[in-house]
Amino acid sequence: MLALLPTLVGAGACQAGDKERASGEAVYGRPLAQQFHAAQQATREAGTAGFVATLTYRSAAGDAVHTTIGSQDYAAGSARVSSTLRVPADFPEPAAEFLAEPGTTARQTLATVGGDVYVKEDAAEWLRFTPEAVNEFGDATSALSVHAAGDAAPYSGTLADLVTRAVPREKPKRDADGNHVYRVTVLPEFAAELLPWRARATGKAGMGTEPVDMTVTLDAEGRLARADADLDPLLSHMDLIGVTGLQASYQLSAFGEPYAHPMPGEDGVRVEDARKVLALTGTLKGGQCAAMEAALGTRAVVRPVDCAKAHDMRVFAQVAVDRTVPGKTAVKSGLDYAREECEREAAAAPKEWLADSRRGVEWAVTGRSDERSSTGGGRTDTTVTGAYTCYVPTS
């Protein structure tokens with residue numbers, strides 16, 4: 001029996017080689033324009049994979065780097081990742097406003113199961129955001145919903161999403177390991193989807209027309225192995241002041257290896273339904289307290305809590321803005337009009353609501369408004385409408 005081992009091993013090696021060639025042929029045997037879509041299927045057929053994605057904001061004072069490391073199961077449509085955003089102490093403050101405070105490191109753990117996205121900070125409980133929760137909470141959850149499982153991968157919001165949106169025009173170069181390296185371009189509006197929603201929302205009249213260069217590497221079996229993109233063309237259309245360069249990368253490895261990380265509900269950590277424990281700030285009543293969720297980084301969606309417990313804000317009024325300004329009269333912002341309304345509300349609010357402030361009697365405003373113009377009778381009037389929350393910050 002032992003004498004047969006070399007023959008069996010040799011036969012196995014041949015079969016493995018044949019399988020590799022056959023797999024690669026399923027991608028490279030197709031017309032050039034179809035190879036990225038075929039590579040997506042070949043990648044999914046691996047079953048599982050690990051990945052590292054980076055987004056680097058370069059500046060003269062140092063680079064801010066957002067690194068995501070995780071594993072994904074293509075068949076189950078699930079992934080679990082660790083996300084770290086490091087912003088150097090001297091990073092330009094105008095750009096840091098869209099990322100994190102200079103000199104800090106922000107960490108999150110995320111997971112996806114189909115359309116649901118889970119997030120937690122440190123040892124806290126998991127918060128589950130279903131598609132219904134995302135629809136209810138709106139823009140405040142955009143930074144999470146972008147990662148829900150998609151066609152390209154169980155964890156979206158990476159360069160993997162852009163690969164199938166690009167069409168190879170030139171034959172790839174082949175290296176000694178059998179990898180195929182393609183140079184392609186993608187539309188700037190697609191590339192902008194990789195950026196944080198808050199930064200993306202500052203785009204001036206779109207993202208321009210200059211294409212974004214991307215390098216895509218497929219391995220010998222036709223699976224996506226790496227992608228790199230130079231996002232510099234987006235900078236002139238955004239308010240990332242002080243950022244001199246913007247690059248993204250995505251690298252896959254450990255194809256087919258066992259999925260080692262437990263998913264939410266399997267790791268002993270409590271799971272909370274975001275729709276049951278969070279609320280839009282605009283729905284809170286006067287006197288109600290709330291705590292901010294670090295995972296969201298916004299006051300637009302908060303966790304209502306008893307005022308006897310730790311909290312970050314206390315609401316004293318909800319106000320509506322509806323002002324029509326005639327002709328050439330100067331138009332204030334919706335926030336300015338809201339401040340006027342909040343000032344009146346503060347004068348009438350119970351003193352204990354305002355005394356909760358972190359620095360004496362202080363209040364702030366959050367919300368959004370719309371502005372529209374109407375022409376008639378030879379003049380153009382401007383109407384500003386919106387909804388705002390008047391609150392006392394307590395942290």
# chains A, B, ... in the order shown; residues from 1 in each chain; ligands from 1
$ residues_around --residues "Cys307 (chain A)" --least-positions-apart "2" --cutoff "10 Å" --atoms "only C-alpha atoms" --output "PDB file with N, CA, C and O atoms, in the first residue's frame"
ATOM      1  N   GLY A 287     -38.058  67.921  27.635  1.00  0.00           N
ATOM      2  CA  GLY A 287     -37.669  67.355  28.916  1.00  0.00           C
ATOM      3  C   GLY A 287     -37.055  65.984  28.813  1.00  0.00           C
ATOM      4  O   GLY A 287     -36.497  65.473  29.798  1.00  0.00           O
ATOM      5  N   GLN A 288     -37.108  65.355  27.637  1.00  0.00           N
ATOM      6  CA  GLN A 288     -36.590  63.997  27.474  1.00  0.00           C
ATOM      7  C   GLN A 288     -35.077  64.025  27.278  1.00  0.00           C
ATOM      8  O   GLN A 288     -34.526  64.927  26.630  1.00  0.00           O
ATOM      9  N   CYS A 289     -34.394  63.014  27.828  1.00  0.00           N
ATOM     10  CA  CYS A 289     -32.933  62.913  27.741  1.00  0.00           C
ATOM     11  C   CYS A 289     -32.531  61.791  26.799  1.00  0.00           C
ATOM     12  O   CYS A 289     -33.292  60.853  26.558  1.00  0.00           O
ATOM     13  N   ALA A 290     -31.303  61.884  26.291  1.00  0.00           N
ATOM     14  CA  ALA A 290     -30.826  60.874  25.348  1.00  0.00           C
ATOM     15  C   ALA A 290     -29.311  60.776  25.401  1.00  0.00           C
ATOM     16  O   ALA A 290     -28.614  61.731  25.779  1.00  0.00           O
ATOM     17  N   ALA A 291     -28.811  59.608  25.022  1.00  0.00           N
ATOM     18  CA  ALA A 291     -27.368  59.368  24.937  1.00  0.00           C
ATOM     19  C   ALA A 291     -26.992  59.155  23.483  1.00  0.00           C
ATOM     20  O   ALA A 291     -27.732  58.519  22.723  1.00  0.00           O
ATOM     21  N   PRO A 304     -32.854  57.191  23.678  1.00  0.00           N
ATOM     22  CA  PRO A 304     -33.577  57.838  24.784  1.00  0.00           C
ATOM     23  C   PRO A 304     -33.283  57.128  26.100  1.00  0.00           C
ATOM     24  O   PRO A 304     -33.280  55.892  26.162  1.00  0.00           O
ATOM     25  N   VAL A 305     -33.006  57.894  27.152  1.00  0.00           N
ATOM     26  CA  VAL A 305     -32.697  57.315  28.456  1.00  0.00           C
ATOM     27  C   VAL A 305     -33.373  58.135  29.553  1.00  0.00           C
ATOM     28  O   VAL A 305     -33.754  59.298  29.352  1.00  0.00           O
ATOM     29  N   LYS A 309     -30.049  58.819  34.520  1.00  0.00           N
ATOM     30  CA  LYS A 309     -28.892  58.061  34.056  1.00  0.00           C
ATOM     31  C   LYS A 309     -27.989  58.958  33.211  1.00  0.00           C
ATOM     32  O   LYS A 309     -28.358  60.075  32.854  1.00  0.00           O
ATOM     33  N   ALA A 310     -26.802  58.442  32.908  1.00  0.00           N
ATOM     34  CA  ALA A 310     -25.853  59.212  32.098  1.00  0.00           C
ATOM     35  C   ALA A 310     -26.479  59.557  30.749  1.00  0.00           C
ATOM     36  O   ALA A 310     -27.079  58.694  30.098  1.00  0.00           O
ATOM     37  N   HIS A 311     -26.360  60.806  30.329  1.00  0.00           N
ATOM     38  CA  HIS A 311     -26.928  61.213  29.054  1.00  0.00           C
ATOM     39  C   HIS A 311     -26.088  62.339  28.458  1.00  0.00           C
ATOM     40  O   HIS A 311     -25.297  62.978  29.149  1.00  0.00           O
ATOM     41  N   ASP A 312     -26.250  62.557  27.170  1.00  0.00           N
ATOM     42  CA  ASP A 312     -25.463  63.564  26.449  1.00  0.00           C
ATOM     43  C   ASP A 312     -26.270  64.797  26.084  1.00  0.00           C
ATOM     44  O   ASP A 312     -25.695  65.818  25.700  1.00  0.00           O
ATOM     45  N   MET A 313     -27.583  64.702  26.162  1.00  0.00           N
ATOM     46  CA  MET A 313     -28.407  65.835  25.766  1.00  0.00           C
ATOM     47  C   MET A 313     -29.779  65.773  26.434  1.00  0.00           C
ATOM     48  O   MET A 313     -30.242  64.691  26.812  1.00  0.00           O
ATOM     49  N   ARG A 314     -30.378  66.964  26.607  1.00  0.00           N
ATOM     50  CA  ARG A 314     -31.743  67.035  27.114  1.00  0.00           C
ATOM     51  C   ARG A 314     -32.523  67.990  26.214  1.00  0.00           C
ATOM     52  O   ARG A 314     -32.151  69.158  26.039  1.00  0.00           O
ATOM     53  N   TRP A 353     -34.802  71.905  33.154  1.00  0.00           N
ATOM     54  CA  TRP A 353     -34.394  71.366  31.857  1.00  0.00           C
ATOM     55  C   TRP A 353     -33.121  72.037  31.358  1.00  0.00           C
ATOM     56  O   TRP A 353     -32.258  71.391  30.774  1.00  0.00           O
ATOM     57  N   ASP A 356     -29.444  71.498  33.297  1.00  0.00           N
ATOM     58  CA  ASP A 356     -28.724  70.255  33.050  1.00  0.00           C
ATOM     59  C   ASP A 356     -27.482  70.484  32.181  1.00  0.00           C
ATOM     60  O   ASP A 356     -26.716  69.575  31.931  1.00  0.00           O
TER      61      ASP A 356
END
$ select_by_dssp --residues "region 50-134 of chain A" --states "strand (DSSP E)" --output "PyMOL selection string"
chain A and resi 50-58+64-73+78-87+104-113+116-120+126-129
$ write_last_selection --atoms "C-alpha atoms" --output "PDB file, in the first residue's frame"
ATOM      1  CA  GLY A  50     -10.148  37.124   4.407  1.00  0.00           C
ATOM      2  CA  PHE A  51      -9.561  40.711   3.345  1.00  0.00           C
ATOM      3  CA  VAL A  52      -7.839  43.963   4.245  1.00  0.00           C
ATOM      4  CA  ALA A  53      -9.184  47.275   2.950  1.00  0.00           C
ATOM      5  CA  THR A  54      -7.541  50.655   3.456  1.00  0.00           C
ATOM      6  CA  LEU A  55      -8.503  54.236   2.699  1.00  0.00           C
ATOM      7  CA  THR A  56      -5.623  56.689   3.110  1.00  0.00           C
ATOM      8  CA  TYR A  57      -6.025  60.457   3.409  1.00  0.00           C
ATOM      9  CA  ARG A  58      -2.619  62.052   2.831  1.00  0.00           C
ATOM     10  CA  ALA A  64      -5.113  59.474   8.307  1.00  0.00           C
ATOM     11  CA  VAL A  65      -5.681  55.786   7.596  1.00  0.00           C
ATOM     12  CA  HIS A  66      -8.917  53.825   7.800  1.00  0.00           C
ATOM     13  CA  THR A  67      -8.141  50.096   7.920  1.00  0.00           C
ATOM     14  CA  THR A  68     -10.731  47.325   7.793  1.00  0.00           C
ATOM     15  CA  ILE A  69      -9.692  43.708   8.429  1.00  0.00           C
ATOM     16  CA  GLY A  70     -12.188  40.882   8.224  1.00  0.00           C
ATOM     17  CA  SER A  71     -13.479  37.565   6.979  1.00  0.00           C
ATOM     18  CA  GLN A  72     -16.440  36.903   4.738  1.00  0.00           C
ATOM     19  CA  ASP A  73     -18.576  33.906   3.832  1.00  0.00           C
ATOM     20  CA  SER A  78     -22.076  37.206   6.057  1.00  0.00           C
ATOM     21  CA  ALA A  79     -18.944  38.976   7.243  1.00  0.00           C
ATOM     22  CA  ARG A  80     -17.298  40.160  10.434  1.00  0.00           C
ATOM     23  CA  VAL A  81     -14.696  42.921  10.471  1.00  0.00           C
ATOM     24  CA  SER A  82     -12.610  45.162  12.712  1.00  0.00           C
ATOM     25  CA  SER A  83     -12.419  48.772  11.597  1.00  0.00           C
ATOM     26  CA  THR A  84      -9.755  51.247  12.797  1.00  0.00           C
ATOM     27  CA  LEU A  85      -9.487  54.920  11.858  1.00  0.00           C
ATOM     28  CA  ARG A  86      -6.267  56.641  12.961  1.00  0.00           C
ATOM     29  CA  VAL A  87      -6.031  60.422  12.582  1.00  0.00           C
ATOM     30  CA  THR A 104      -7.448  59.897  18.086  1.00  0.00           C
ATOM     31  CA  THR A 105      -8.026  56.303  17.037  1.00  0.00           C
ATOM     32  CA  ALA A 106     -11.606  55.189  16.464  1.00  0.00           C
ATOM     33  CA  ARG A 107     -12.392  51.467  16.542  1.00  0.00           C
ATOM     34  CA  GLN A 108     -15.506  49.528  15.600  1.00  0.00           C
ATOM     35  CA  THR A 109     -16.512  45.932  15.101  1.00  0.00           C
ATOM     36  CA  LEU A 110     -19.049  45.327  12.358  1.00  0.00           C
ATOM     37  CA  ALA A 111     -20.842  42.306  10.975  1.00  0.00           C
ATOM     38  CA  THR A 112     -23.211  41.744   8.085  1.00  0.00           C
ATOM     39  CA  VAL A 113     -25.802  39.061   7.492  1.00  0.00           C
ATOM     40  CA  ASP A 116     -28.649  43.506   8.130  1.00  0.00           C
ATOM     41  CA  VAL A 117     -25.651  45.364   9.522  1.00  0.00           C
ATOM     42  CA  TYR A 118     -24.461  44.945  13.120  1.00  0.00           C
ATOM     43  CA  VAL A 119     -22.109  47.320  14.907  1.00  0.00           C
ATOM     44  CA  LYS A 120     -20.589  47.571  18.371  1.00  0.00           C
ATOM     45  CA  TRP A 126     -24.367  44.675  19.187  1.00  0.00           C
ATOM     46  CA  LEU A 127     -26.780  47.074  17.513  1.00  0.00           C
ATOM     47  CA  ARG A 128     -28.663  45.528  14.610  1.00  0.00           C
ATOM     48  CA  PHE A 129     -29.709  47.778  11.736  1.00  0.00           C
TER      49      PHE A 129
END
$ closest_residue --among "A:Ala148, A:Ala124, A:Ala100, A:Ala89" --to "Val269 (chain A)" --atoms "only C-alpha atoms"
A:Ala124
$ atom_distance --atom1 "CA of Val315 (chain A)" --atom2 "CA of Thr383 (chain A)"
26.6 Å
$ closest_residue --among "A:Leu224, A:Gly114, A:Asp306, A:Leu99" --to "Leu240 (chain A)" --atoms "only C-alpha atoms"
A:Leu99
$ atom_distance --atom1 "CA of Val384 (chain A)" --atom2 "CA of Thr329 (chain A)"
13.0 Å
$ closest_residue --among "A:Asp228, A:Glu193, A:Glu136, A:Glu221" --to "Gln41 (chain A)" --atoms "only C-alpha atoms"
A:Glu221
$ decode --residues "region 169-296 of chain A" --atoms "C-alpha atoms" --output "CSV table (one decimal), in the first residue's frame"
chain,number,residue,atom,x,y,z
A,169,ARG,CA,-10.1,47.6,-22.5
A,170,GLU,CA,-6.5,46.4,-22.7
A,171,LYS,CA,-5.2,42.9,-22.1
A,172,PRO,CA,-3.7,42.3,-18.7
A,173,LYS,CA,-0.1,41.7,-17.9
A,174,ARG,CA,0.7,38.3,-16.5
A,175,ASP,CA,3.3,37.8,-13.8
A,176,ALA,CA,5.4,34.7,-12.9
A,177,ASP,CA,2.8,33.5,-10.5
A,178,GLY,CA,0.1,33.4,-13.1
A,179,ASN,CA,-1.6,36.6,-11.7
A,180,HIS,CA,-3.3,38.8,-14.3
A,181,VAL,CA,-2.9,42.6,-13.7
A,182,TYR,CA,-5.4,45.0,-15.4
A,183,ARG,CA,-5.3,48.8,-15.6
A,184,VAL,CA,-8.8,50.3,-15.8
A,185,THR,CA,-10.8,53.4,-15.0
A,186,VAL,CA,-14.1,53.9,-13.1
A,187,LEU,CA,-16.5,56.8,-13.1
A,188,PRO,CA,-15.8,59.3,-10.3
A,189,GLU,CA,-19.4,59.1,-8.9
A,190,PHE,CA,-18.9,55.3,-8.3
A,191,ALA,CA,-15.5,55.8,-6.7
A,192,ALA,CA,-16.9,58.5,-4.3
A,193,GLU,CA,-19.1,55.7,-2.8
A,194,LEU,CA,-16.0,54.5,-0.9
A,195,LEU,CA,-15.8,57.7,1.1
A,196,PRO,CA,-17.6,58.4,4.4
A,197,TRP,CA,-21.1,59.7,3.7
A,198,ARG,CA,-20.5,63.0,5.5
A,199,ALA,CA,-17.5,63.7,3.3
A,200,ARG,CA,-19.3,62.6,0.2
A,201,ALA,CA,-22.2,64.9,0.9
A,202,THR,CA,-19.9,67.9,0.6
A,203,GLY,CA,-19.4,67.3,-3.1
A,204,LYS,CA,-19.7,70.4,-5.2
A,205,ALA,CA,-22.1,69.8,-8.1
A,206,GLY,CA,-21.2,66.2,-8.4
A,207,MET,CA,-17.8,64.6,-8.6
A,208,GLY,CA,-16.7,65.9,-12.0
A,209,THR,CA,-15.9,63.9,-15.1
A,210,GLU,CA,-12.2,62.9,-14.6
A,211,PRO,CA,-12.1,59.1,-14.4
A,212,VAL,CA,-10.4,57.3,-11.4
A,213,ASP,CA,-7.5,55.0,-12.2
A,214,MET,CA,-7.6,51.5,-10.7
A,215,THR,CA,-5.4,48.5,-10.9
A,216,VAL,CA,-7.0,45.1,-10.5
A,217,THR,CA,-5.2,41.8,-9.9
A,218,LEU,CA,-6.8,38.4,-10.5
A,219,ASP,CA,-4.9,35.3,-9.3
A,220,ALA,CA,-4.1,32.2,-11.4
A,221,GLU,CA,-7.6,30.8,-10.8
A,222,GLY,CA,-9.3,34.0,-11.9
A,223,ARG,CA,-10.3,35.2,-8.4
A,224,LEU,CA,-10.0,38.8,-7.3
A,225,ALA,CA,-6.8,39.1,-5.4
A,226,ARG,CA,-6.2,42.8,-5.1
A,227,ALA,CA,-7.4,46.2,-6.2
A,228,ASP,CA,-5.8,49.7,-5.8
A,229,ALA,CA,-7.3,53.0,-6.8
A,230,ASP,CA,-6.0,56.6,-6.9
A,231,LEU,CA,-8.9,58.8,-5.8
A,232,ASP,CA,-7.1,62.1,-6.2
A,233,PRO,CA,-9.5,63.3,-8.9
A,234,LEU,CA,-12.3,63.5,-6.3
A,235,LEU,CA,-10.4,66.0,-4.1
A,236,SER,CA,-11.1,69.1,-6.1
A,237,HIS,CA,-14.9,68.4,-5.8
A,238,MET,CA,-14.9,68.0,-2.0
A,239,ASP,CA,-14.3,70.0,1.1
A,240,LEU,CA,-11.5,67.8,2.5
A,241,ILE,CA,-9.3,70.9,2.9
A,242,GLY,CA,-5.6,70.0,3.6
A,243,VAL,CA,-5.9,66.5,2.1
A,244,THR,CA,-3.3,66.2,-0.7
A,245,GLY,CA,-3.8,62.6,-1.7
A,246,LEU,CA,-6.5,59.9,-1.5
A,247,GLN,CA,-5.8,56.2,-2.1
A,248,ALA,CA,-7.8,53.0,-1.6
A,249,SER,CA,-6.7,49.4,-1.6
A,250,TYR,CA,-8.3,46.0,-1.1
A,251,GLN,CA,-6.6,42.6,-0.8
A,252,LEU,CA,-8.1,39.2,-0.5
A,253,SER,CA,-6.4,36.1,1.0
A,254,ALA,CA,-7.1,32.7,2.8
A,255,PHE,CA,-9.6,31.6,0.1
A,256,GLY,CA,-11.7,28.6,1.3
A,257,GLU,CA,-10.3,28.6,4.8
A,258,PRO,CA,-12.7,27.9,7.8
A,259,TYR,CA,-14.7,30.9,8.9
A,260,ALA,CA,-13.3,31.5,12.4
A,261,HIS,CA,-15.1,34.5,13.8
A,262,PRO,CA,-18.5,34.0,15.6
A,263,MET,CA,-21.3,36.1,14.3
A,264,PRO,CA,-23.7,38.3,16.4
A,265,GLY,CA,-25.9,36.1,18.6
A,266,GLU,CA,-23.3,33.4,18.6
A,267,ASP,CA,-20.5,35.2,20.5
A,268,GLY,CA,-22.3,35.7,23.9
A,269,VAL,CA,-22.8,39.4,23.3
A,270,ARG,CA,-26.3,40.8,23.6
A,271,VAL,CA,-27.9,42.0,20.3
A,272,GLU,CA,-30.3,45.0,20.4
A,273,ASP,CA,-32.7,46.0,17.6
A,274,ALA,CA,-31.8,49.5,16.7
A,275,ARG,CA,-35.4,50.4,15.9
A,276,LYS,CA,-36.5,49.4,19.4
A,277,VAL,CA,-33.7,51.2,21.4
A,278,LEU,CA,-32.9,54.3,19.2
A,279,ALA,CA,-35.0,57.2,18.0
A,280,LEU,CA,-34.7,60.2,15.7
A,281,THR,CA,-33.8,63.2,17.8
A,282,GLY,CA,-36.7,65.1,16.1
A,283,THR,CA,-39.2,62.7,17.8
A,284,LEU,CA,-38.1,63.4,21.4
A,285,LYS,CA,-40.4,65.4,23.6
A,286,GLY,CA,-39.5,68.4,25.8
A,287,GLY,CA,-37.7,67.4,28.9
A,288,GLN,CA,-36.6,64.0,27.5
A,289,CYS,CA,-32.9,62.9,27.7
A,290,ALA,CA,-30.8,60.9,25.3
A,291,ALA,CA,-27.4,59.4,24.9
A,292,MET,CA,-25.4,59.5,21.7
A,293,GLU,CA,-24.4,56.3,20.0
A,294,ALA,CA,-20.6,56.2,19.4
A,295,ALA,CA,-21.2,53.9,16.5
A,296,LEU,CA,-23.2,56.5,14.6
